[in-house]
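**Q** Just so it is clear, I am handing over run-v5.cif, which has mmCIF, C-alpha atoms (C1' of nucleotides).
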data_query
loop_
_atom_site.label_atom_id
_atom_site.label_comp_id
_atom_site.auth_asym_id
_atom_site.auth_seq_id
_atom_site.Cartn_x
_atom_site.Cartn_y
_atom_site.Cartn_z
CA MET A 1 63.93 -259.74 84.68
CA ASP A 2 66.43 -258.24 82.24
CA LEU A 3 65.90 -257.41 78.61
CA GLU A 4 67.49 -260.58 77.25
CA GLN A 5 65.31 -262.74 79.43
CA ALA A 6 62.21 -260.84 78.36
CA ALA A 7 63.26 -261.13 74.73
CA GLY A 8 63.56 -264.89 75.22
CA TYR A 9 60.03 -265.13 76.60
CA LEU A 10 58.72 -263.27 73.59
CA ARG A 11 60.64 -265.19 70.95
CA ALA A 12 59.57 -268.50 72.46
CA ARG A 13 56.05 -267.57 71.40
CA GLY A 14 56.82 -266.22 67.96
CA ARG A 15 56.83 -262.64 69.18
CA ARG A 16 59.53 -260.10 68.55
CA MET A 17 61.72 -257.84 70.64
CA THR A 18 61.58 -254.37 69.13
CA VAL A 19 63.14 -251.06 70.08
CA GLN A 20 59.70 -249.95 71.29
CA ARG A 21 59.33 -252.91 73.63
CA ARG A 22 62.85 -252.40 74.88
CA ALA A 23 61.99 -248.78 75.64
CA VAL A 24 58.84 -249.74 77.54
CA LEU A 25 60.67 -252.37 79.59
CA GLN A 26 63.43 -249.92 80.39
CA ALA A 27 60.89 -247.31 81.46
CA LEU A 28 59.17 -249.80 83.74
CA ALA A 29 62.48 -250.76 85.33
CA GLU A 30 63.23 -247.11 86.05
CA LEU A 31 59.79 -246.07 87.28
CA GLY A 32 58.95 -248.46 90.10
CA CYS A 33 55.63 -250.01 90.95
CA ALA A 34 52.13 -249.35 89.63
CA ARG A 35 52.68 -246.63 87.02
CA GLY A 36 50.07 -245.30 84.63
CA VAL A 37 50.27 -245.85 80.89
CA GLY A 38 50.75 -242.15 80.21
CA GLU A 39 53.68 -241.96 82.56
CA ILE A 40 55.25 -245.08 81.09
CA HIS A 41 54.78 -243.62 77.61
CA ALA A 42 56.45 -240.33 78.55
CA ARG A 43 59.40 -242.09 80.10
CA ALA A 44 59.83 -244.62 77.28
CA ARG A 45 59.87 -241.78 74.77
CA ARG A 46 63.25 -240.74 76.09
CA LEU A 47 64.60 -243.88 74.48
CA ALA A 48 62.25 -244.03 71.50
CA PRO A 49 61.00 -240.51 70.73
CA ARG A 50 58.58 -241.57 68.01
CA LEU A 51 56.92 -244.18 70.25
CA GLY A 52 53.15 -243.89 70.05
CA LEU A 53 50.77 -244.24 72.98
CA VAL A 54 48.89 -247.00 71.20
CA THR A 55 52.06 -249.01 70.94
CA VAL A 56 52.60 -248.67 74.68
CA TYR A 57 49.12 -250.08 75.28
CA ARG A 58 49.77 -252.95 72.91
CA THR A 59 53.20 -253.62 74.31
CA LEU A 60 52.03 -253.69 77.91
CA ASP A 61 49.23 -256.02 76.90
CA ALA A 62 51.62 -258.36 75.12
CA LEU A 63 54.14 -258.28 77.96
CA ALA A 64 51.39 -258.96 80.49
CA ALA A 65 50.27 -261.97 78.45
CA GLU A 66 53.83 -263.31 78.68
CA GLY A 67 53.98 -262.65 82.39
CA VAL A 68 56.74 -260.07 82.03
CA VAL A 69 54.69 -257.21 83.44
CA ARG A 70 51.68 -257.15 85.74
CA PRO A 71 48.61 -254.90 85.57
CA VAL A 72 47.48 -253.15 88.75
CA PHE A 73 43.92 -251.89 89.27
CA LEU A 74 43.22 -249.29 91.91
CA GLY A 75 39.60 -248.58 91.08
CA ASP A 76 40.00 -245.17 89.45
CA GLY A 77 39.32 -246.46 85.96
CA ARG A 78 42.96 -246.47 84.92
CA THR A 79 45.18 -249.50 84.50
CA ARG A 80 48.69 -249.28 85.94
CA TYR A 81 51.56 -251.62 85.23
CA GLU A 82 54.68 -252.77 86.96
CA SER A 83 57.54 -255.06 86.09
CA ALA A 84 56.81 -258.64 87.20
CA GLU A 85 60.45 -258.69 88.13
CA ALA A 86 62.15 -260.98 90.64
CA GLU A 87 60.33 -258.78 93.15
CA ARG A 88 58.49 -260.49 95.91
CA HIS A 89 54.76 -260.85 96.12
CA HIS A 90 53.44 -257.44 97.16
CA HIS A 91 50.40 -255.24 97.27
CA HIS A 92 49.93 -251.48 97.36
CA LEU A 93 49.46 -248.69 99.84
CA VAL A 94 47.36 -246.06 98.10
CA CYS A 95 47.31 -242.60 99.68
CA LEU A 96 43.86 -241.04 99.52
CA GLY A 97 45.43 -237.62 100.03
CA CYS A 98 48.12 -237.36 97.36
CA GLY A 99 47.51 -240.45 95.25
CA ARG A 100 50.97 -241.82 95.84
CA VAL A 101 51.35 -245.61 95.59
CA ASP A 102 53.94 -247.60 97.51
CA PRO A 103 54.53 -251.33 97.71
CA PHE A 104 53.53 -253.28 100.79
CA GLU A 105 55.02 -256.71 101.38
CA GLY A 106 53.37 -258.02 104.52
CA CYS A 107 50.72 -260.17 102.87
CA SER A 108 49.31 -263.06 104.83
CA LEU A 109 46.98 -264.15 102.06
CA GLN A 110 49.38 -266.02 99.83
CA ARG A 111 48.43 -269.14 101.70
CA LEU A 112 44.98 -268.85 100.09
CA ASP A 113 46.31 -269.13 96.56
CA GLY A 114 45.93 -272.69 95.38
CA THR A 115 43.42 -273.64 98.05
CA VAL A 116 39.66 -274.12 97.89
CA VAL A 117 37.44 -271.81 99.91
CA GLY A 118 33.70 -271.38 100.41
CA LYS A 119 31.52 -273.59 98.25
CA GLY A 120 34.20 -275.18 96.11
CA PHE A 121 35.88 -272.03 94.83
CA ALA A 122 39.50 -272.71 93.83
CA VAL A 123 41.56 -269.58 94.44
CA ALA A 124 44.10 -268.90 91.71
CA THR A 125 45.26 -265.48 92.79
CA HIS A 126 44.17 -262.44 94.74
CA ARG A 127 44.31 -258.72 94.59
CA LEU A 128 44.67 -256.54 97.65
CA GLU A 129 45.06 -252.81 98.03
CA LEU A 130 45.23 -250.81 101.23
CA PHE A 131 43.82 -247.29 101.18
CA GLY A 132 44.69 -244.62 103.72
CA TYR A 133 47.03 -241.69 104.30
CA CYS A 134 50.80 -241.57 103.98
CA ARG A 135 52.98 -239.96 106.62
CA ASP A 136 53.47 -236.78 104.60
CA CYS A 137 49.76 -236.23 104.16
CA ARG A 138 49.09 -236.84 107.83
CA GLU A 139 51.79 -234.43 108.97
CA ARG A 140 50.47 -231.84 106.59
CA ALA A 141 46.96 -232.06 108.08
CA MET B 1 18.97 -251.10 105.28
CA ASP B 2 15.34 -250.56 104.33
CA LEU B 3 13.90 -247.80 102.21
CA GLU B 4 12.73 -245.64 105.12
CA GLN B 5 16.14 -245.74 106.71
CA ALA B 6 17.81 -244.84 103.42
CA ALA B 7 15.31 -242.03 102.91
CA GLY B 8 16.23 -240.71 106.35
CA TYR B 9 19.94 -240.65 105.48
CA LEU B 10 19.17 -238.68 102.37
CA ARG B 11 16.81 -236.16 103.95
CA ALA B 12 19.27 -235.51 106.75
CA ARG B 13 21.52 -233.98 104.08
CA GLY B 14 18.94 -232.06 102.17
CA ARG B 15 18.55 -234.76 99.59
CA ARG B 16 15.30 -236.28 98.44
CA MET B 17 13.85 -239.76 98.13
CA THR B 18 12.41 -240.13 94.67
CA VAL B 19 10.67 -242.96 92.87
CA GLN B 20 13.84 -243.44 90.85
CA ARG B 21 15.98 -243.85 93.94
CA ARG B 22 13.45 -246.17 95.46
CA ALA B 23 13.57 -248.28 92.31
CA VAL B 24 17.36 -248.43 92.36
CA LEU B 25 17.46 -249.41 96.04
CA GLN B 26 14.83 -252.07 95.47
CA ALA B 27 16.79 -253.44 92.52
CA LEU B 28 19.95 -253.61 94.62
CA ALA B 29 18.13 -255.44 97.39
CA GLU B 30 16.85 -258.01 94.90
CA LEU B 31 20.05 -258.49 92.95
CA GLY B 32 22.68 -259.42 95.52
CA CYS B 33 26.29 -258.40 95.66
CA ALA B 34 28.49 -256.59 93.15
CA ARG B 35 26.12 -255.89 90.24
CA GLY B 36 26.88 -253.81 87.18
CA VAL B 37 25.15 -250.50 86.49
CA GLY B 38 23.47 -251.87 83.38
CA GLU B 39 22.01 -254.78 85.28
CA ILE B 40 20.81 -252.52 88.08
CA HIS B 41 19.24 -250.22 85.51
CA ALA B 42 17.40 -253.07 83.80
CA ARG B 43 16.07 -254.38 87.09
CA ALA B 44 15.07 -250.96 88.43
CA ARG B 45 13.13 -250.27 85.24
CA ARG B 46 10.60 -252.88 86.28
CA LEU B 47 9.55 -250.42 88.95
CA ALA B 48 10.20 -247.19 87.07
CA PRO B 49 10.01 -247.87 83.32
CA ARG B 50 11.10 -244.39 82.26
CA LEU B 51 14.19 -244.50 84.46
CA GLY B 52 17.24 -243.37 82.51
CA LEU B 53 20.68 -244.92 82.75
CA VAL B 54 22.17 -241.54 83.65
CA THR B 55 19.91 -241.31 86.65
CA VAL B 56 21.09 -244.72 87.81
CA TYR B 57 24.68 -243.53 87.68
CA ARG B 58 23.80 -240.39 89.60
CA THR B 59 21.69 -242.24 92.11
CA LEU B 60 24.36 -244.81 92.84
CA ASP B 61 26.88 -242.04 93.23
CA ALA B 62 24.65 -240.15 95.66
CA LEU B 63 23.81 -243.26 97.64
CA ALA B 64 27.48 -244.20 97.83
CA ALA B 65 28.26 -240.73 99.20
CA GLU B 66 25.70 -241.35 101.95
CA GLY B 67 27.12 -244.79 102.67
CA VAL B 68 23.94 -246.54 101.62
CA VAL B 69 25.58 -248.47 98.78
CA ARG B 70 29.17 -249.48 98.17
CA PRO B 71 31.11 -249.52 94.88
CA VAL B 72 33.05 -252.65 93.97
CA PHE B 73 35.95 -252.65 91.51
CA LEU B 74 37.04 -255.89 89.90
CA GLY B 75 39.54 -254.51 87.43
CA ASP B 76 37.54 -254.88 84.23
CA GLY B 77 36.89 -251.17 83.90
CA ARG B 78 33.32 -251.36 85.16
CA THR B 79 32.07 -250.21 88.53
CA ARG B 80 29.70 -252.54 90.34
CA TYR B 81 27.58 -251.70 93.33
CA GLU B 82 26.02 -253.49 96.24
CA SER B 83 23.81 -252.52 99.11
CA ALA B 84 25.91 -251.51 102.12
CA GLU B 85 23.26 -253.28 104.14
CA ALA B 86 23.57 -254.72 107.61
CA GLU B 87 25.73 -257.30 105.82
CA ARG B 88 29.02 -258.15 107.37
CA HIS B 89 32.40 -257.07 106.05
CA HIS B 90 33.03 -259.21 102.99
CA HIS B 91 35.04 -259.51 99.81
CA HIS B 92 34.45 -261.27 96.51
CA LEU B 93 35.18 -264.56 94.80
CA VAL B 94 35.43 -263.80 91.10
CA CYS B 95 35.23 -266.76 88.74
CA LEU B 96 37.65 -266.41 85.84
CA GLY B 97 35.59 -268.92 83.87
CA CYS B 98 32.05 -267.61 83.98
CA GLY B 99 32.46 -264.19 85.59
CA ARG B 100 30.18 -265.00 88.46
CA VAL B 101 30.79 -263.07 91.68
CA ASP B 102 30.04 -264.43 95.15
CA PRO B 103 30.65 -262.97 98.58
CA PHE B 104 33.45 -264.27 100.77
CA GLU B 105 33.43 -263.52 104.46
CA GLY B 106 36.62 -265.02 105.84
CA CYS B 107 38.67 -261.83 105.91
CA SER B 108 41.54 -261.63 108.35
CA LEU B 109 42.59 -258.16 107.26
CA GLN B 110 40.07 -256.09 109.17
CA ARG B 111 42.61 -255.86 111.95
CA LEU B 112 44.75 -253.73 109.61
CA ASP B 113 42.11 -251.02 109.24
CA GLY B 114 42.90 -248.20 111.63
CA THR B 115 46.49 -249.27 112.17
CA VAL B 116 49.75 -247.86 110.83
CA VAL B 117 51.89 -250.04 108.57
CA GLY B 118 55.16 -249.62 106.69
CA LYS B 119 56.67 -246.16 106.81
CA GLY B 120 53.89 -244.35 108.62
CA PHE B 121 51.00 -245.29 106.36
CA ALA B 122 47.67 -245.12 108.23
CA VAL B 123 45.32 -247.72 106.79
CA ALA B 124 41.74 -246.51 106.46
CA THR B 125 40.26 -249.37 104.50
CA HIS B 126 41.21 -252.15 102.16
CA ARG B 127 39.97 -253.87 99.08
CA LEU B 128 40.42 -257.57 98.44
CA GLU B 129 39.23 -259.80 95.65
CA LEU B 130 39.98 -263.47 95.13
CA PHE B 131 40.17 -264.74 91.55
CA GLY B 132 39.84 -268.38 90.58
CA TYR B 133 37.31 -270.94 89.40
CA CYS B 134 33.95 -271.81 90.87
CA ARG B 135 32.83 -275.39 91.40
CA ASP B 136 30.63 -275.40 88.31
CA CYS B 137 33.43 -274.25 86.03
CA ARG B 138 35.81 -276.79 87.47
CA GLU B 139 33.39 -279.67 87.05
CA ARG B 140 32.71 -278.56 83.51
CA ALA B 141 36.42 -278.71 82.60
"C1'" DG C 1 -1.89 -225.32 96.88
"C1'" DG C 2 2.32 -222.66 95.93
"C1'" DC C 3 7.45 -222.13 96.16
"C1'" DT C 4 12.17 -223.38 96.11
"C1'" DT C 5 15.46 -226.13 94.37
"C1'" DA C 6 17.11 -231.02 94.16
"C1'" DT C 7 16.39 -234.24 90.65
"C1'" DT C 8 15.41 -236.11 86.12
"C1'" DG C 9 16.04 -237.52 81.01
"C1'" DA C 10 18.14 -236.80 76.64
"C1'" DA C 11 21.88 -235.29 74.12
"C1'" DA C 12 26.44 -234.10 73.94
"C1'" DG C 13 31.00 -234.45 75.90
"C1'" DT C 14 35.18 -236.93 78.38
"C1'" DC C 15 38.61 -240.00 78.83
"C1'" DA C 16 40.92 -244.45 78.85
"C1'" DT C 17 41.43 -247.95 75.86
"C1'" DT C 18 40.79 -250.64 71.36
"C1'" DT C 19 40.39 -251.29 66.44
"C1'" DT C 20 41.55 -250.35 61.65
"C1'" DC C 21 44.72 -249.99 58.07
"C1'" DG C 22 48.56 -248.89 55.21
"C1'" DG C 23 53.38 -248.96 55.90
"C1'" DT C 24 57.79 -250.84 58.43
"C1'" DA C 25 61.17 -253.80 60.26
"C1'" DA C 26 62.18 -258.40 63.08
"C1'" DC C 27 63.27 -262.90 62.59
"C1'" DT C 28 63.65 -267.17 59.18
"C1'" DG C 29 65.42 -269.61 55.55
"C1'" DC C 30 68.52 -269.54 52.08
"C1'" DG D 1 74.31 -261.18 53.94
"C1'" DC D 2 69.72 -260.96 51.52
"C1'" DA D 3 64.85 -261.77 50.56
"C1'" DG D 4 60.46 -263.05 52.19
"C1'" DT D 5 57.04 -263.53 55.64
"C1'" DT D 6 54.45 -261.50 58.90
"C1'" DA D 7 54.61 -259.46 63.56
"C1'" DC D 8 54.64 -254.85 64.67
"C1'" DC D 9 54.23 -249.78 64.30
"C1'" DG D 10 51.86 -245.07 64.18
"C1'" DA D 11 47.91 -242.24 63.27
"C1'" DA D 12 43.19 -241.75 62.92
"C1'" DA D 13 38.85 -243.33 63.96
"C1'" DA D 14 35.93 -246.10 66.94
"C1'" DT D 15 34.33 -247.91 71.36
"C1'" DG D 16 32.43 -248.02 75.89
"C1'" DA D 17 31.93 -246.52 80.56
"C1'" DC D 18 30.93 -242.65 82.68
"C1'" DT D 19 30.00 -237.34 83.25
"C1'" DT D 20 28.22 -232.88 82.12
"C1'" DT D 21 24.76 -229.70 80.31
"C1'" DC D 22 20.32 -227.85 80.29
"C1'" DA D 23 15.47 -227.30 80.18
"C1'" DA D 24 11.60 -229.58 82.36
"C1'" DT D 25 9.77 -231.89 86.58
"C1'" DA D 26 8.49 -233.03 91.17
"C1'" DA D 27 10.11 -233.53 96.49
"C1'" DG D 28 9.72 -231.50 100.65
"C1'" DC D 29 8.59 -227.14 103.13
"C1'" DC D 30 5.39 -223.42 104.19
#
The structure in this file should be written as structure tokens.
**A**
Amino acid sequence: MDLEQAAGYLRARGRRMTVQRRAVLQALAELGCARGVGEIHARARRLAPRLGLVTVYRTLDALAAEGVVRPVFLGDGRTRYESAEAERHHHHLVCLGCGRVDPFEGCSLQRLDGTVVGKGFAVATHRLELFGYCRDCRERA
Amino acid sequence: MDLEQAAGYLRARGRRMTVQRRAVLQALAELGCARGVGEIHARARRLAPRLGLVTVYRTLDALAAEGVVRPVFLGDGRTRYESAEAERHHHHLVCLGCGRVDPFEGCSLQRLDGTVVGKGFAVATHRLELFGYCRDCRERA
DNA sequence: GGCTTATTGAAAGTCATTTTCGGTAACTGC
DNA sequence: GCAGTTACCGAAAATGACTTTCAATAAGCC
């Protein structure tokens, strides 16, 4: 999703496209998947040096509400975000050695979304993360 | 896993079985899957009224390290726990309407654990949660 | 029963995230 | 273009889950 498209999504709901939001979107596009708020803030500051951390939080929240970005939870108490982009449905490979996060696209669970499982539970979406060790960490051991 | 078994796990590592830990384990056994620390604390206090919240945190942490309990992360910034019990491998159905959490046992991803996927990533374990609406919430709508 | 030391409870401290509030700048209507 | 409305911004303070500190206590070992 490019900036103009994102701006359209926002304006359609009475929201505004500001230099700060542009900077955050640009940072997300450059950084790749599942990045922490601090990292996004640091990167976005290249484009908007006075950008405050609070604004990054608010911006990511607003963009997530519009479906422009997606939050990722890995269980360490920090929320990461990634562009909701044209990218395909994917999950994450989380290295327990170095903390690195890479996308993983072989998900066989999409077929569950939209179906009813168990005792009448209608699945809307799912979250899956794979934990293990990346090649580098294994070679290093 | 019963109390004696859990006590054995602890003693084998130089740890001790205290009334507080007994209370926490009992609370977990009574409560079912994926319960918050506050809820566990409240329940355990029935058996040990002076039990402090801090001790519950520490106890759950220690028991998780011994594999007696398992942490569950649902992305709301709170850690839940459940007994690691003889229970089978399962995941969770999280209702977006009422917040209720139920176990879900139809997981086809166990075959991934222990294999190598993508660019040399060795999968150790995985985490999966399904989000949607339970029967009650759907009937209510 | 006495000893060693893991464990406990209360208070204080972290850290990610949210709220508050006075000031600023996008969009709207002219 | 220009003014007005109000969404948005930044900084400081607040929140909430969780952790650390430290003196007192009690498991497990003899």
**Q** List the neighbours of Pro71 in chain B out to 12 Å using all atoms listed in the file; skip same-chain residues closer than 3 positions along the sequence, and give me the result as an mmCIF file with C-alpha atoms, in the coordinates of the input.
**A**
data_model
loop_
_atom_site.group_PDB
_atom_site.id
_atom_site.type_symbol
_atom_site.label_atom_id
_atom_site.label_comp_id
_atom_site.auth_asym_id
_atom_site.auth_seq_id
_atom_site.Cartn_x
_atom_site.Cartn_y
_atom_site.Cartn_z
ATOM 1 C CA GLY A 75 39.600 -248.580 91.080
ATOM 2 C CA ASP A 76 40.000 -245.170 89.450
ATOM 3 C CA LEU B 28 19.950 -253.610 94.620
ATOM 4 C CA CYS B 33 26.290 -258.400 95.660
ATOM 5 C CA ALA B 34 28.490 -256.590 93.150
ATOM 6 C CA ARG B 35 26.120 -255.890 90.240
ATOM 7 C CA GLY B 36 26.880 -253.810 87.180
ATOM 8 C CA VAL B 37 25.150 -250.500 86.490
ATOM 9 C CA TYR B 57 24.680 -243.530 87.680
ATOM 10 C CA LEU B 60 24.360 -244.810 92.840
ATOM 11 C CA ASP B 61 26.880 -242.040 93.230
ATOM 12 C CA ALA B 62 24.650 -240.150 95.660
ATOM 13 C CA LEU B 63 23.810 -243.260 97.640
ATOM 14 C CA ALA B 64 27.480 -244.200 97.830
ATOM 15 C CA ALA B 65 28.260 -240.730 99.200
ATOM 16 C CA GLY B 67 27.120 -244.790 102.670
ATOM 17 C CA VAL B 68 23.940 -246.540 101.620
ATOM 18 C CA LEU B 74 37.040 -255.890 89.900
ATOM 19 C CA ARG B 78 33.320 -251.360 85.160
ATOM 20 C CA THR B 79 32.070 -250.210 88.530
ATOM 21 C CA ARG B 80 29.700 -252.540 90.340
ATOM 22 C CA TYR B 81 27.580 -251.700 93.330
ATOM 23 C CA GLU B 82 26.020 -253.490 96.240
ATOM 24 C CA SER B 83 23.810 -252.520 99.110
ATOM 25 C CA ALA B 84 25.910 -251.510 102.120
ATOM 26 C CA HIS B 91 35.040 -259.510 99.810
ATOM 27 C CA ARG B 127 39.970 -253.870 99.080
#
**Q** Please identify all polymer residues within 12 Å of Gly8 in chain A, counting only C-alpha atoms (C1' of nucleotides), omitting same-chain residues fewer than 5 positions from it, and present them as a list in words.
**A**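 Neighbouring residues, sequence-local ones excluded: Met1, Asp2, Leu3, Arg13, Gly14, Arg15, Arg16, Met17, Leu63, Glu66 and Val68 of chain A.
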**Q** Please identify all polymer residues within 12 Å of DG29 in chain C, counting all atoms listed in the file, omitting same-chain residues fewer than 6 positions from it, and present them as a list in words.
**A** DC2, DA3, DG4 and DT5 of chain D
**Q** Need the neighbours of (47.1, -243.9, 104.1): which residues are at most 6 Å away, counting only C-alpha atoms (C1' of nucleotides), as a list in words?
**A**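 Residues close enough to count: Cys95, Phe131, Gly132, Tyr133 and Cys134 of chain A; Phe121, Ala122 and Val123 of chain B.
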**Q** Around all the atoms of range 8-12 of chain C listed in the file, with 5 Å of room on each side, what axis-aligned box do you get, giving centre and edge lengths in Å to one decimal, as JSON?
**A**
{"center_x": 20.9, "center_y": -235.8, "center_z": 80.0, "size_x": 21.0, "size_y": 13.4, "size_z": 22.2}
**Q** So the first atom is C1' of DT7 in chain C and the second is CA of Val19 in chain B; what is the distance between them in Å, to one decimal place?
**A** 10.7 Å
**Q** Mind checking which residues fall within 12 Å of Gln20 in chain A, counting only C-alpha atoms (C1' of nucleotides), ignoring those fewer than 5 positions away in the same chain, and posting them as a list in words?
**A**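 Counting only C-alpha atoms (C1' of nucleotides), the residues come to Leu25, Gln26, Ala27, Ile40, His41, Arg43, Ala44, Arg45, Arg46, Leu47, Ala48, Pro49, Arg50, Leu51, Gly52, Leu53, Val54, Thr55, Val56, Tyr57, Arg58, Thr59 and Leu60 of chain A; DA25 of chain C; DC8, DC9 and DG10 of chain D.
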**Q** Kindly provide, as a list in words, the residues of chain C having any atom no farther than 10 Å from an atom of chain A, counting all atoms listed in the file.
**A**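 Matching residues, ligands excluded from the count: DC15, DA16, DT17, DT18, DA25, DA26 and DC27 of chain C.
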**Q** For the residues in the current selection, export C-alpha atoms (C1' of nucleotides) as a compact mmCIF listing (two decimals), in the frame of the given file.
**A**
# COMPACT_ATOMS: atom_id res chain seq x y z
C1' DC C 15 38.61 -240.00 78.83
C1' DA C 16 40.92 -244.45 78.85
C1' DT C 17 41.43 -247.95 75.86
C1' DT C 18 40.79 -250.64 71.36
C1' DA C 25 61.17 -253.80 60.26
C1' DA C 26 62.18 -258.40 63.08
C1' DC C 27 63.27 -262.90 62.59
**Q** Might you spell out which residues the PyMOL selection byres ((chain A and resi 89) around 10) would select in the displayed file, as JSON, numbers by chain?
**A** {"A": [84, 86, 87, 88, 90, 91, 103, 104, 105, 106, 107, 110]}
**Q** Evaluated on this file, the PyMOL selection byres ((chain D) within 10 of (chain B)) picks out some residues - which ones are they, written as a list in words?
**A** DG16, DA17, DC18, DT19, DA26, DA27 and DG28 of chain D
**Q** Residues as selected, C-alpha atoms (C1' of nucleotides), written as a PDB file, keeping the file's coordinate frame, can you do that?
**A**
ATOM      1  C1'  DG D  16      32.430-248.020  75.890  1.00  0.00           C
ATOM      2  C1'  DA D  17      31.930-246.520  80.560  1.00  0.00           C
ATOM      3  C1'  DC D  18      30.930-242.650  82.680  1.00  0.00           C
ATOM      4  C1'  DT D  19      30.000-237.340  83.250  1.00  0.00           C
ATOM      5  C1'  DA D  26       8.490-233.030  91.170  1.00  0.00           C
ATOM      6  C1'  DA D  27      10.110-233.530  96.490  1.00  0.00           C
ATOM      7  C1'  DG D  28       9.720-231.500 100.650  1.00  0.00           C
TER       8       DG D  28
END
**Q** Every residue with an atom at most 12 Å from (25.0, -230.7, 83.9) (file coordinates; only C-alpha atoms (C1' of nucleotides)) is what I'm after, so could you write them as a PDB file with C-alpha atoms (C1' of nucleotides), in the frame of the given file?
**A**
ATOM      1  CA  VAL B  54      22.170-241.540  83.650  1.00  0.00           C
ATOM      2  CA  ARG B  58      23.800-240.390  89.600  1.00  0.00           C
TER       3      ARG B  58
ATOM      4  C1'  DT C   7      16.390-234.240  90.650  1.00  0.00           C
ATOM      5  C1'  DT C   8      15.410-236.110  86.120  1.00  0.00           C
ATOM      6  C1'  DG C   9      16.040-237.520  81.010  1.00  0.00           C
ATOM      7  C1'  DA C  10      18.140-236.800  76.640  1.00  0.00           C
ATOM      8  C1'  DA C  11      21.880-235.290  74.120  1.00  0.00           C
ATOM      9  C1'  DA C  12      26.440-234.100  73.940  1.00  0.00           C
ATOM     10  C1'  DG C  13      31.000-234.450  75.900  1.00  0.00           C
TER      11       DG C  13
ATOM     12  C1'  DT D  19      30.000-237.340  83.250  1.00  0.00           C
ATOM     13  C1'  DT D  20      28.220-232.880  82.120  1.00  0.00           C
ATOM     14  C1'  DT D  21      24.760-229.700  80.310  1.00  0.00           C
ATOM     15  C1'  DC D  22      20.320-227.850  80.290  1.00  0.00           C
ATOM     16  C1'  DA D  23      15.470-227.300  80.180  1.00  0.00           C
TER      17       DA D  23
END
**Q** Apply the PyMOL selection byres ((chain C and resi 2) around 12) to the structure shown and report the selected residues as a list in words.
**A**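 Evaluating the PyMOL selection byres ((chain C and resi 2) around 12) on these coordinates yields DG1, DC3 and DT4 of chain C; DC29 and DC30 of chain D.
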**Q** To one decimal place, how far is CA of Arg135 in chain A from CA of His126 in chain B in Å?
**A** 17.5 Å
**Q** Could you jot down the CA of Arg70 in chain B to CA of Thr125 in chain B separation for me, Å, one decimal place?
**A** 12.8 Å
**Q** Let me make sure I understand: among A:Val101, A:Leu130, A:Val69, A:Ala12, which one has the smallest atom-to-atom distance to chain B if we use all atoms listed in the file?
**A**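 Of all the options, A:Leu130 lies closest to chain B.
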**Q** From the set A:Glu39, A:Val117, A:His92, A:Phe73, which residue has the shortest atom-to-atom contact distance to chain B, counting all atoms listed in the file?
**A**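 Checking each of A:Glu39, A:Val117, A:His92, A:Phe73 against chain B, counting all atoms listed in the file, the winner is A:Phe73.
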**Q** With N, CA and C atoms as the target, complete range 114-125 of chain B and hand it back as a PDB file, in the frame of the given file.
**A**
ATOM      1  N   GLY B 114      42.716-249.009 110.427  1.00  0.00           N
ATOM      2  CA  GLY B 114      42.900-248.200 111.630  1.00  0.00           C
ATOM      3  C   GLY B 114      44.298-248.302 112.232  1.00  0.00           C
ATOM      4  N   THR B 115      45.125-249.150 111.650  1.00  0.00           N
ATOM      5  CA  THR B 115      46.490-249.270 112.170  1.00  0.00           C
ATOM      6  C   THR B 115      47.466-248.548 111.232  1.00  0.00           C
ATOM      7  N   VAL B 116      48.711-248.470 111.657  1.00  0.00           N
ATOM      8  CA  VAL B 116      49.750-247.860 110.830  1.00  0.00           C
ATOM      9  C   VAL B 116      50.710-248.946 110.398  1.00  0.00           C
ATOM     10  N   VAL B 117      50.974-249.024 109.080  1.00  0.00           N
ATOM     11  CA  VAL B 117      51.890-250.040 108.570  1.00  0.00           C
ATOM     12  C   VAL B 117      53.015-249.373 107.791  1.00  0.00           C
ATOM     13  N   GLY B 118      54.051-250.144 107.491  1.00  0.00           N
ATOM     14  CA  GLY B 118      55.160-249.620 106.690  1.00  0.00           C
ATOM     15  C   GLY B 118      55.744-248.347 107.267  1.00  0.00           C
ATOM     16  N   LYS B 119      56.030-247.411 106.394  1.00  0.00           N
ATOM     17  CA  LYS B 119      56.670-246.160 106.810  1.00  0.00           C
ATOM     18  C   LYS B 119      55.654-245.088 107.163  1.00  0.00           C
ATOM     19  N   GLY B 120      54.839-245.370 108.181  1.00  0.00           N
ATOM     20  CA  GLY B 120      53.890-244.350 108.620  1.00  0.00           C
ATOM     21  C   GLY B 120      52.629-244.244 107.813  1.00  0.00           C
ATOM     22  N   PHE B 121      52.224-245.318 107.158  1.00  0.00           N
ATOM     23  CA  PHE B 121      51.000-245.290 106.360  1.00  0.00           C
ATOM     24  C   PHE B 121      49.821-245.726 107.228  1.00  0.00           C
ATOM     25  N   ALA B 122      48.845-244.831 107.407  1.00  0.00           N
ATOM     26  CA  ALA B 122      47.670-245.120 108.230  1.00  0.00           C
ATOM     27  C   ALA B 122      46.580-245.754 107.372  1.00  0.00           C
ATOM     28  N   VAL B 123      46.294-247.003 107.593  1.00  0.00           N
ATOM     29  CA  VAL B 123      45.320-247.720 106.790  1.00  0.00           C
ATOM     30  C   VAL B 123      43.896-247.323 107.177  1.00  0.00           C
ATOM     31  N   ALA B 124      43.126-246.871 106.178  1.00  0.00           N
ATOM     32  CA  ALA B 124      41.740-246.510 106.460  1.00  0.00           C
ATOM     33  C   ALA B 124      40.835-247.684 106.102  1.00  0.00           C
ATOM     34  N   THR B 125      41.082-248.256 104.944  1.00  0.00           N
ATOM     35  CA  THR B 125      40.260-249.370 104.500  1.00  0.00           C
ATOM     36  C   THR B 125      41.059-250.204 103.507  1.00  0.00           C
TER      37      THR B 125
END
